[in-house]
Amino acid sequence: MGKKIAKGFYSLSYILFCVFVTAMLLFGLKVWNDAEFLFATQKNVVLLVIVAAGAFFLGVFFLKLSNILKSWKEKKLWAAIALVSILAIVLQLLVLNMLEISYLWDGVNVFSSAVSRLKGNSVVELYFSRYANQNGFLAVTYSLLKAGKLFGLAEADYVYYLNVCNLIFMDTAIALGAAILYRLRKEKKAATVLLFLLITALNPFIYLWTAFYYTSILVMPIFLGIVYLALCMEEQQKWQIKMGQTAALAILLVLGTRLRQTTLILAIAIVLAKLVAFGLRNTASKTKGSCMAAIYTAVFCLCLFLTNYACKSYEAKISNLDTTDTAFPAIHWIMMGLDHGGEYNNSDADYTASFPTHEEKVKGDMDLLTARLKHFGVKGISKTYLQKFISTWVSASNAYPFRLSVCQKYTAVHDLIFGDKKDFVIYYHQIYQIFLLFFILSGAILQWKEKKPDSIYILQISFLGTILFHLIWEAGPLYSVSLQIVCFLLGAYGVLSISEKAGTVKGYGNKGYLINTLFFIGMCITALFFLCNTSTFTKETKEREKRVVNQYLASDNLKIQNGEQVSQTFLATRDFNYLNIHLCNHENEKNTSVYQLTLSGEDHGIVYEETIYAKDILLDSFLMRTFDTVSIQEPERFTLSLKAVESKGDNFLEVIYFQMKDYDPYTKGVFTKNGKALKGDMFLMISEKTNSPYTGRKLYAITACLFLLMEGAVWIFVKGKKRSTK
């Protein structure tokens, strides 16, 4: 790459990166609908101020902290690193144990298939015949479960075990992020690591997503491991060590790509960064080591080929499906990315699956893609791309309230994080996101001037490449999860860059007065917000819901004909007065069958009973019933049964339930027909619905005081001691 081309590409990549990050920053100040209570009760400008002010507090806090940490002694820094790491891991395990989050969608199919293969059975054919790209995920899951089984792991503990493995993958990635910053910094390395860990530890992501067992998490340590190796290989080392690093780089690249194909973007980023660095060097240094470079390249290619061959063979052995004609071609995701907001949808999946051969699938998808391009035109496609960009990269919550809300048990912690109190967690996510994006942008602008493409540059153009990729490909909030730790790293780098270039606030003087004024205004706004919203939070009532059971997955229909009875048991750990089940009636008003619905507890006896007339159930319907609140003192097992009292011929109802090989979505209950246990569980929602205010007056006052005290503590921390004027 010539010097002019290298300079041009270097500048262009930074311009694009800064443009996209700026767009994320600006769009990130908007209102978030999933924070339902705040969205319904507050004006947009109020919510924008909350996010901006919170990001300001965090930013100033970490700028001050970065300066303070530089003055700490090495032993103190490493002791603090150990303490922060231990506390974060303990909190991760606490969240994991308190919530017991279940798997959904891809996780269900992969987990159930891995368990099935452990028993010598087949995988979920419909899923893996279409999505052969998930074979890598299946191979990893199967291997982890097999290893656990060898050490005596019980089947009932499989989900928890995989979640702990998921946690280990995440924390390994965090450790590698710290190692990358440690190698990049020339001095105060321990202070850099501690700052990065503190920034990471304050993000809800590393606690809430411990149970999100998916490729987004599993690929993190591989991704950052590749970057770390690329950084190590730039240093002067013995040729034997460099040869080993080259082989390891090839192996990790294949493993990452087999697990998640977007890892190829990182490979492209590394190549481009190396070419740019090569182009920016002096001519004299460009010819050095060309012979050894050729040897390293040969070793890299050989390891790449052998690892890829071994992985494909292993995956084929586990998946045991011929997907030559059934697997969806790459063009499918590009076609799907041009409609419906660019996210996954069943209609496009069914369309591609309807073609019998691979060639026909490619042609059919290409035809629909061409039709959509013509239909939407430049304006429509631009609008779709903007929508995809916002949904994928702007919301810091990554749709966690939906993806992680299905649990095995429901507690006050669940209500706080996933219930109608989740508004503050969601807005803290967003505050943190804006803080992070500001420093990612600042760090990129300062790095741009250096013209030294290092590992930070590799991460930045990988980030840019992933953004561009998901504009074209399928999009959605979950696709930015795999780059969260990269964002922490880039944000920490930005904080360090700003604190070194401009220095932080040093108490008094002109800068001090400005910061004092901003903090004073911020605390006044906080006090005003709580005073003005006292009635909104403590008096205005609204229907609120506390979950007891939420098994809402569905895959099959089960007929209930004359004299037959289906039952679902569940464990209630707190009060409830509402149930929701899913029924199906193909005959609609012609159906003359009659059913008896009964809900009874081991101690309470019958708590609800009703005669159900099938003609009132039209097609697929949700049968929702509210009754007198059932008070629970101790955990109690209940049975919900539906019995066919009168049913002839095609006059019957079907109950909707979920079964996926050996995956049990609700482990605390049993689904039976005529007393015989079946695999799976009934579609069932049990909860308590009440009309009540958001919170009580005492808790509201305590919360307001805590917010003000926290802001005051940050203010005092940032001001520090008054300097002498001598």
# chains A, B, ... in the order shown; residues from 1 in each chain; ligands from 1

$ residues_around --residues "Tyr666 of chain A" --least-positions-apart "2" --cutoff "9 Å" --atoms "only C-alpha atoms" --output "list in words"
Ser102, Cys407, Gln408, Val549, Asn550, Gln551, Phe570, Asp664, Lys668, Gly669, Val670, Gly680 and Asp681 of chain A

$ residues_around --residues "segment 625-631 of chain A" --least-positions-apart "4" --cutoff "9 Å" --atoms "only C-alpha atoms" --output "JSON, numbers by chain"
{"A": [574, 575, 576, 577, 578, 579, 580, 604, 607, 608, 688, 689]}

$ atom_distance --atom1 "atom CA of Asp420 of chain A" --atom2 "atom CA of Asn345 of chain A"
27.7 Å

$ residues_around --residues "segment 613-619 of chain A" --least-positions-apart "2" --cutoff "9 Å" --atoms "only C-alpha atoms" --output "list in words"
Leu583, Cys584, Asn585, His586, Glu587, Asn588, Glu589, Lys590, Asn591, Thr592, Ser593, Val594, Tyr595, Gln596, Thr611, Ser621, Phe622, Leu623, Asn651, Phe652 and Leu653 of chain A

$ atom_distance --atom1 "atom CA of Lys312 of chain A" --atom2 "atom CA of Tyr663 of chain A"
25.7 Å

$ closest_residue --among "A:Ala55, A:Ala175, A:Ala250, A:Leu224" --to "Val193 of chain A" --atoms "only C-alpha atoms"
A:Ala175
